[in-house]
Amino acid sequence: MKCFHSACAGLLALLGALLLAAAMPAIATAQPAPSPNYDTNYRLIFPKTATAPTIDGTVLNEAAWNASFNIALEDGGETATANLRGMYDNNFVYLYAETETSSPGFKSTDVLVIGINGDNGANYHLIQIFPCALVCSATGTGQTPQLIFNTATFNGTTYSWGADSSNAPSGFDAKVGTATAGTTSKWSVEVKIPRAAYNIVDTNFFGLLIDVMATDPAAGPIGTSEQFAWPPYVDIGGTNENQIPDIENGMVPPKQWANATLSTAFGNGVSLQWSDITTNQPNPRQISLNLPNIFTAVATNTSSSGGTPVTARQVKAAFTIANFGLANAWAPIPDIVSNQTSDIQSQTSFPYQVGPWTLTAAEKAAYNTPTTLHQCLRVDLTSTDPGTMILTPSVQVNMDFVDTHSPFSGTASITLKRFPKPEGKETNTCYLRESTINVDPRLEWTSKLSGLERGRNGRYRIEVVPDKPSVLNIEVQPPPSIKLPKARVRLPAGTGGRKYPPVQIKVEPNDLITFVADGTLLIGKTQVTAGGASPAMLKALKAPVSAGRGKFLDPNSNLRGAVVGSFDGFKKTAFVIGASATIKVPEKVRALWLAINDTADGYAGERGEGFNVQIVKMPLDRYMLAANPDLARPVSASNPKVALGANLPTWQMRGGCETTRFVRIGRESFRSVKSIGSFGYMVKSTN
């Protein structure tokens with residue numbers, strides 16, 4: 001795990017981590033089997049698109065990219081540092097990769113590396129795309145990168161590379177998009193790869209390696225290269241500082257590549273994203289030191305066999321927790337309901353829940369320290385059914401232990417457990433960078449961070465002793481001129497039933513809306529927050545499980561008491577908002593309804609105060625797009641969710657630490673840096 005600590009108050013700290021690491025179950029013999037040439041623990045299913053995207057370096061306004069997979073290559077805060085998308089059609093495979101740069105501006109040595117072995121034969125193809133080797137404007141699309149193509153054979157221990165070539169195969173295309181907001185720079189590359197040129201068929205698994213390298217020539221004695229790869233933990237380069245290999249000669253062996261397939265036999269399988277993991281607290285990324293905690297992970301099944309939707313069977317979810325740092329020991333969460341197993345019907349979701357966990361006095365003392373307040377929650381999905389494909393077998397999300405009166409200040413702990421030290425040093429040099437997003441960069445935030453050597457443009461440096469936490473004290477103050485348009489809506493117990501109809505609010509197409517709900521309901525004698533409770537949780541707590549006659553407003557989630565929304569008055573579509581969520585309003589929509597998820601008879605049994613929902617509604621602007629280009633793409637009425645807090649002004653800190661590996665890119669050499677994650681503060685309200 002590569003993260004470091006944050007604490008929150010007055011502002012919401014919304015953090016997320018994505019790590020796909022566990023082995024997947026075997027699949028039916030009628031389907032293609034993963035190739036033993038590559039790592040069988042990492043399998044990537046490419047969805048098929050009916051519409052080819054426009055290759056201009058961005059996903060802006062491109063509905064075609066809605067069909068793709070989307071992987072966060074780094075465990076980030078409100079937005080991940082690097083992302084990867086992919087899909088295909090009859091003739092091409094399409095890839096999209098983006099990353100923030102390691103320092104302001106665009107570097108000629110930044111590179112996207114793609115390794116392909118389409119037919120699992122003797123030839124390993126390498127594509128190097130340098131987005132800004134020629135020229136990159138501060139903001140723009142359709143820019144031309146420098147391309148290098150190469151092919152090698154592999155004898156079991158080493159590659160034999162041919163000569164570099166700039167000649168692209170027929171049909172190949174790659175373009176670059178760039179965006180700049182203050183000291184934050186981001187480049188993206190959109191790639192169109194002809195299947196015929198690389199022998200990529202839809203009847204097998206093939207070898208695939210993706211590595212996004214963001215370089216900083218001015219960092220450290222020789223510069224740094226931060227690598228974000230799929231599979232995770234791949235690190236191109238070598239360990240000898242006196243004989244630094246280039247990308248070709250530092251290429252990892254095929255056993256470290258991923259298995260990928262275009263086969264339609266799998267559909268998209270069962271998936272879970274970091275944003276699907278929440279607590280029952282008003283901030284769903286936080287764990288209360290004083291109140292009962294219930295953890296929810298909503299898994300979605302889009303499996304198919306030969307194009308026919310199928311049920312995912314015997315899917316089990318296990319919840320564990322660990323302090324941050326590498327090579328952690330994961331412990332089960334103390335609970336009543338745990339490790340549930342369920343069949344998930346195709347095209348539906350299932351809410352796995354564990355808890356309630358109320359901390360003992362000893363646990364409060366253990367977790368209420370600067371180095372333990374920030375934890376990581378992991379959910380592992382497995383299945384004993386050989387025909388069930390688990391796409392994201394292990395997902396992790398940053399969590400904070402908080403009380404109800406946290407100040408707007410906190411601590412961050414950098415922990416490098418078992419992190420190798422550079423030769424001749426007792427410490428690892430770590431580089432941190434702060435940035436602000438979703439706000440005019442000309443507005444000045446005030447931050448005070450102790451224990452760091454401050455550089456220029458929000459860059460910092462610190463020496464960290466492995467296995468010993470380095471604690472930073474942090475104070476952050478947003479610009480006083482920030483004003484958020486906000487409103488509040490009251491949802492009394494029973495809202496959505498006969499006594500209280502759904503509450504309607506006015507919206508505009510493409511508005512971004514963040515909801516934060518607080519309050520509780522009583523179902524029987526059981527207290528339920530805006531996140532709702534699953535039947536298994538209610539049964540374990542001896543609360544009424546049956547909601548009586550009728551259907552839930554959102555039958556897909558089956559969470560009693562959850563705050564839900566709809567753009568058609570709950571006639572055909574609904575979606576869970578829970579304790580908090582951010583949505584984008586679809587085209588031609590001008591009304592939104594809010595209610596509590598229950599059935600006709602269930603509403604009559606609801607008691608308690610109900611929920612107060614804070615609403616922050618803002619139009620999409622260019623500062624939001626600079627941090628998250630995905631926001632420009634259309635959404636559907638049944639799935640309008642976007643990144644949590646995507647419209648809220650946010651301060652964030654990212655970091656990476658030096659390793660013992662090196663790589664040469666062009667004529668320059670770099671020490672490899674591994675990400676240690678992100679944390680941040682998100683403004684949810686202003687006076």
# chains A, B, ... in the order shown; residues from 1 in each chain; ligands from 1
call {"tool": "residues_around", "arguments": {"residues": "Val270 of chain A", "least_positions_apart": "6", "cutoff": "7 Å", "atoms": "only C-alpha atoms", "output": "short mmCIF file (atom, residue, chain, number, x, y, z; two decimals) with C-alpha atoms, in the first residue's frame"}}
result
data_model
loop_
_atom_site.label_atom_id
_atom_site.label_comp_id
_atom_site.auth_asym_id
_atom_site.auth_seq_id
_atom_site.Cartn_x
_atom_site.Cartn_y
_atom_site.Cartn_z
CA ALA A 299 -20.32 -4.75 -5.97
CA THR A 300 -21.77 -4.63 -9.49
CA ASN A 301 -22.21 -7.60 -11.83
CA THR A 302 -22.08 -7.04 -15.60
CA SER A 303 -21.08 -10.63 -16.43
CA MET A 389 -15.09 -13.51 -13.26
CA ILE A 390 -14.00 -11.06 -10.56
CA LEU A 391 -12.55 -7.97 -12.26
#
call {"tool": "select_by_dssp", "arguments": {"residues": "segment 329-394 of chain A", "states": "alpha helix (DSSP H)", "output": "VMD selection string"}}
result
chain A and resid 361 to 367
call {"tool": "write_last_selection", "arguments": {"atoms": "C-alpha atoms", "output": "PDB file, in the first residue's frame"}}
result
ATOM      1  CA  ALA A 361     -11.633   2.230  25.215  1.00  0.00           C
ATOM      2  CA  ALA A 362      -8.464   0.337  24.288  1.00  0.00           C
ATOM      3  CA  GLU A 363      -9.193   0.677  20.555  1.00  0.00           C
ATOM      4  CA  LYS A 364      -9.853   4.415  20.943  1.00  0.00           C
ATOM      5  CA  ALA A 365      -6.488   4.853  22.635  1.00  0.00           C
ATOM      6  CA  ALA A 366      -4.765   2.773  19.940  1.00  0.00           C
ATOM      7  CA  TYR A 367      -6.320   4.576  16.971  1.00  0.00           C
TER       8      TYR A 367
END
call {"tool": "atom_distance", "arguments": {"atom1": "atom CA of Asn290 of chain A", "atom2": "atom CA of Pro332 of chain A"}}
result
19.3 Å
call {"tool": "residues_around", "arguments": {"residues": "segment 589-606 of chain A", "least_positions_apart": "6", "cutoff": "6 Å", "atoms": "only C-alpha atoms", "output": "ChimeraX atom specification"}}
result
/A:493-497,502-509,522-523,547-553,560-567,569
call {"tool": "write_last_selection", "arguments": {"atoms": "N, CA and C atoms", "output": "tab-separated table (two decimals), in the first residue's frame"}}
result
chain	number	residue	atom	x	y	z
A	493	ALA	N	-38.53	11.25	8.24
A	493	ALA	CA	-38.79	9.81	8.16
A	493	ALA	C	-40.06	9.56	7.35
A	494	GLY	N	-39.97	8.63	6.39
A	494	GLY	CA	-41.12	8.33	5.55
A	494	GLY	C	-41.16	9.08	4.24
A	495	THR	N	-40.13	9.92	3.94
A	495	THR	CA	-40.13	10.66	2.68
A	495	THR	C	-40.01	9.70	1.50
A	496	GLY	N	-40.98	9.77	0.62
A	496	GLY	CA	-41.09	8.83	-0.49
A	496	GLY	C	-42.34	7.99	-0.38
A	497	GLY	N	-42.96	7.99	0.80
A	497	GLY	CA	-44.18	7.23	1.03
A	497	GLY	C	-45.42	8.10	0.90
A	502	PRO	N	-41.66	12.42	-2.47
A	502	PRO	CA	-40.29	12.83	-2.77
A	502	PRO	C	-40.17	14.34	-2.91
A	503	VAL	N	-39.03	14.89	-2.50
A	503	VAL	CA	-38.78	16.32	-2.57
A	503	VAL	C	-38.18	16.65	-3.93
A	504	GLN	N	-38.76	17.64	-4.61
A	504	GLN	CA	-38.29	18.03	-5.94
A	504	GLN	C	-37.44	19.29	-5.86
A	505	ILE	N	-36.31	19.31	-6.57
A	505	ILE	CA	-35.48	20.51	-6.65
A	505	ILE	C	-35.20	20.80	-8.12
A	506	LYS	N	-34.96	22.07	-8.43
A	506	LYS	CA	-34.65	22.48	-9.80
A	506	LYS	C	-33.16	22.29	-10.08
A	507	VAL	N	-32.86	21.82	-11.29
A	507	VAL	CA	-31.48	21.64	-11.72
A	507	VAL	C	-31.36	22.09	-13.17
A	508	GLU	N	-30.15	22.18	-13.65
A	508	GLU	CA	-29.88	22.52	-15.04
A	508	GLU	C	-28.99	21.45	-15.65
A	509	PRO	N	-29.12	21.17	-16.95
A	509	PRO	CA	-28.26	20.17	-17.59
A	509	PRO	C	-26.78	20.48	-17.35
A	522	LEU	N	-34.94	5.47	12.60
A	522	LEU	CA	-35.11	4.27	13.39
A	522	LEU	C	-35.92	3.27	12.59
A	523	ILE	N	-35.35	2.09	12.37
A	523	ILE	CA	-36.08	0.97	11.77
A	523	ILE	C	-36.20	-0.06	12.88
A	547	ALA	N	-39.55	-5.28	4.41
A	547	ALA	CA	-40.12	-3.93	4.28
A	547	ALA	C	-41.58	-3.99	3.86
A	548	GLY	N	-42.16	-5.17	3.80
A	548	GLY	CA	-43.57	-5.28	3.45
A	548	GLY	C	-43.82	-5.28	1.97
A	549	ARG	N	-45.05	-4.93	1.59
A	549	ARG	CA	-45.46	-4.98	0.19
A	549	ARG	C	-44.81	-3.86	-0.61
A	550	GLY	N	-44.69	-4.10	-1.92
A	550	GLY	CA	-44.20	-3.09	-2.84
A	550	GLY	C	-42.71	-3.21	-3.10
A	551	LYS	N	-42.21	-2.38	-3.99
A	551	LYS	CA	-40.80	-2.38	-4.37
A	551	LYS	C	-40.09	-1.17	-3.76
A	552	PHE	N	-38.79	-1.34	-3.56
A	552	PHE	CA	-37.98	-0.20	-3.16
A	552	PHE	C	-37.96	0.84	-4.27
A	553	LEU	N	-37.76	2.11	-3.87
A	553	LEU	CA	-37.58	3.15	-4.89
A	553	LEU	C	-36.38	2.82	-5.76
A	560	ARG	N	-32.29	-0.26	2.90
A	560	ARG	CA	-33.37	0.44	3.60
A	560	ARG	C	-32.83	1.69	4.27
A	561	GLY	N	-33.55	2.81	4.08
A	561	GLY	CA	-33.19	4.04	4.75
A	561	GLY	C	-32.16	4.89	4.04
A	562	ALA	N	-31.63	4.43	2.90
A	562	ALA	CA	-30.62	5.21	2.19
A	562	ALA	C	-31.27	6.40	1.48
A	563	VAL	N	-30.56	7.52	1.42
A	563	VAL	CA	-31.02	8.65	0.60
A	563	VAL	C	-30.81	8.29	-0.87
A	564	VAL	N	-31.85	8.47	-1.67
A	564	VAL	CA	-31.80	8.14	-3.09
A	564	VAL	C	-32.29	9.32	-3.92
A	565	GLY	N	-31.90	9.33	-5.20
A	565	GLY	CA	-32.33	10.38	-6.12
A	565	GLY	C	-32.89	9.79	-7.40
A	566	SER	N	-33.60	10.63	-8.16
A	566	SER	CA	-34.17	10.22	-9.44
A	566	SER	C	-34.42	11.46	-10.28
A	567	PHE	N	-34.28	11.30	-11.60
A	567	PHE	CA	-34.57	12.40	-12.53
A	567	PHE	C	-35.94	12.27	-13.17
A	569	GLY	N	-38.84	11.25	-11.12
A	569	GLY	CA	-39.81	11.06	-10.05
A	569	GLY	C	-39.93	9.62	-9.61
call {"tool": "closest_atom_pairs", "arguments": {"of": "segment 87-167 of chain A", "to": "segment 242-255 of chain A", "cutoff": "8 Å", "atoms": "only C-alpha atoms", "output": "JSON lines"}}
result
{"residue": "A:Leu126", "atom": "CA", "partner": "A:Glu248", "partner_atom": "CA", "distance": 7.9}
{"residue": "A:Thr157", "atom": "CA", "partner": "A:Pro253", "partner_atom": "CA", "distance": 7.5}
{"residue": "A:Thr158", "atom": "CA", "partner": "A:Pro253", "partner_atom": "CA", "distance": 7.7}
{"residue": "A:Tyr159", "atom": "CA", "partner": "A:Asn249", "partner_atom": "CA", "distance": 7.4}
{"residue": "A:Trp161", "atom": "CA", "partner": "A:Glu248", "partner_atom": "CA", "distance": 7.3}
call {"tool": "residues_around", "arguments": {"residues": "segment 127-134 of chain A", "least_positions_apart": "6", "cutoff": "10 Å", "atoms": "only C-alpha atoms", "output": "CSV table (one decimal) with C-alpha atoms, in the first residue's frame"}}
result
chain,number,residue,atom,x,y,z
A,57,GLY,CA,-5.8,13.2,-26.9
A,106,PHE,CA,5.6,19.5,-19.4
A,107,LYS,CA,8.8,17.5,-19.7
A,108,SER,CA,10.2,16.1,-22.9
A,109,THR,CA,11.2,12.9,-21.0
A,110,ASP,CA,7.7,12.0,-19.8
A,111,VAL,CA,6.7,8.8,-21.6
A,112,LEU,CA,3.8,6.3,-21.9
A,113,VAL,CA,5.2,2.8,-22.4
A,114,ILE,CA,3.0,0.1,-24.0
A,115,GLY,CA,4.1,-3.6,-24.2
A,116,ILE,CA,2.0,-6.0,-26.4
A,143,GLN,CA,-1.0,17.6,-30.3
A,144,THR,CA,1.5,15.2,-31.9
A,145,PRO,CA,3.8,13.1,-29.7
A,146,GLN,CA,7.1,11.5,-30.6
A,147,LEU,CA,6.8,7.7,-31.3
A,148,ILE,CA,9.3,4.9,-30.9
A,149,PHE,CA,8.5,1.3,-32.0
A,150,ASN,CA,10.5,-1.7,-31.2
A,151,THR,CA,10.2,-5.6,-31.3
A,164,ASP,CA,14.2,1.6,-32.9
A,165,SER,CA,11.8,2.9,-35.5
A,166,SER,CA,9.6,5.9,-35.8
A,168,ALA,CA,4.0,3.6,-37.2
A,174,ALA,CA,-1.8,8.8,-31.1
A,175,LYS,CA,-2.6,12.4,-30.0
A,176,VAL,CA,-1.9,14.4,-26.9
A,177,GLY,CA,-4.1,16.6,-24.7
A,178,THR,CA,-2.8,19.0,-22.0
A,187,TRP,CA,-1.1,15.4,-20.0
A,188,SER,CA,-3.2,12.7,-21.6
A,189,VAL,CA,-2.6,10.4,-24.6
A,191,VAL,CA,-4.0,5.8,-28.7
A,210,ILE,CA,1.2,-0.2,-19.4
A,211,ASP,CA,3.6,2.2,-17.6
A,212,VAL,CA,3.0,5.9,-17.3
A,213,MET,CA,6.2,7.7,-16.4
A,247,ILE,CA,13.5,1.5,-21.3
A,248,GLU,CA,14.1,-1.4,-23.7
call {"tool": "closest_residue", "arguments": {"among": "A:Thr436, A:Asn398, A:Thr392, A:Ser409", "to": "Phe679 of chain A", "atoms": "only C-alpha atoms"}}
result
A:Asn398
call {"tool": "closest_residue", "arguments": {"among": "A:Lys617, A:Lys584, A:Lys316, A:Arg622", "to": "Lys641 of chain A", "atoms": "only C-alpha atoms"}}
result
A:Lys584
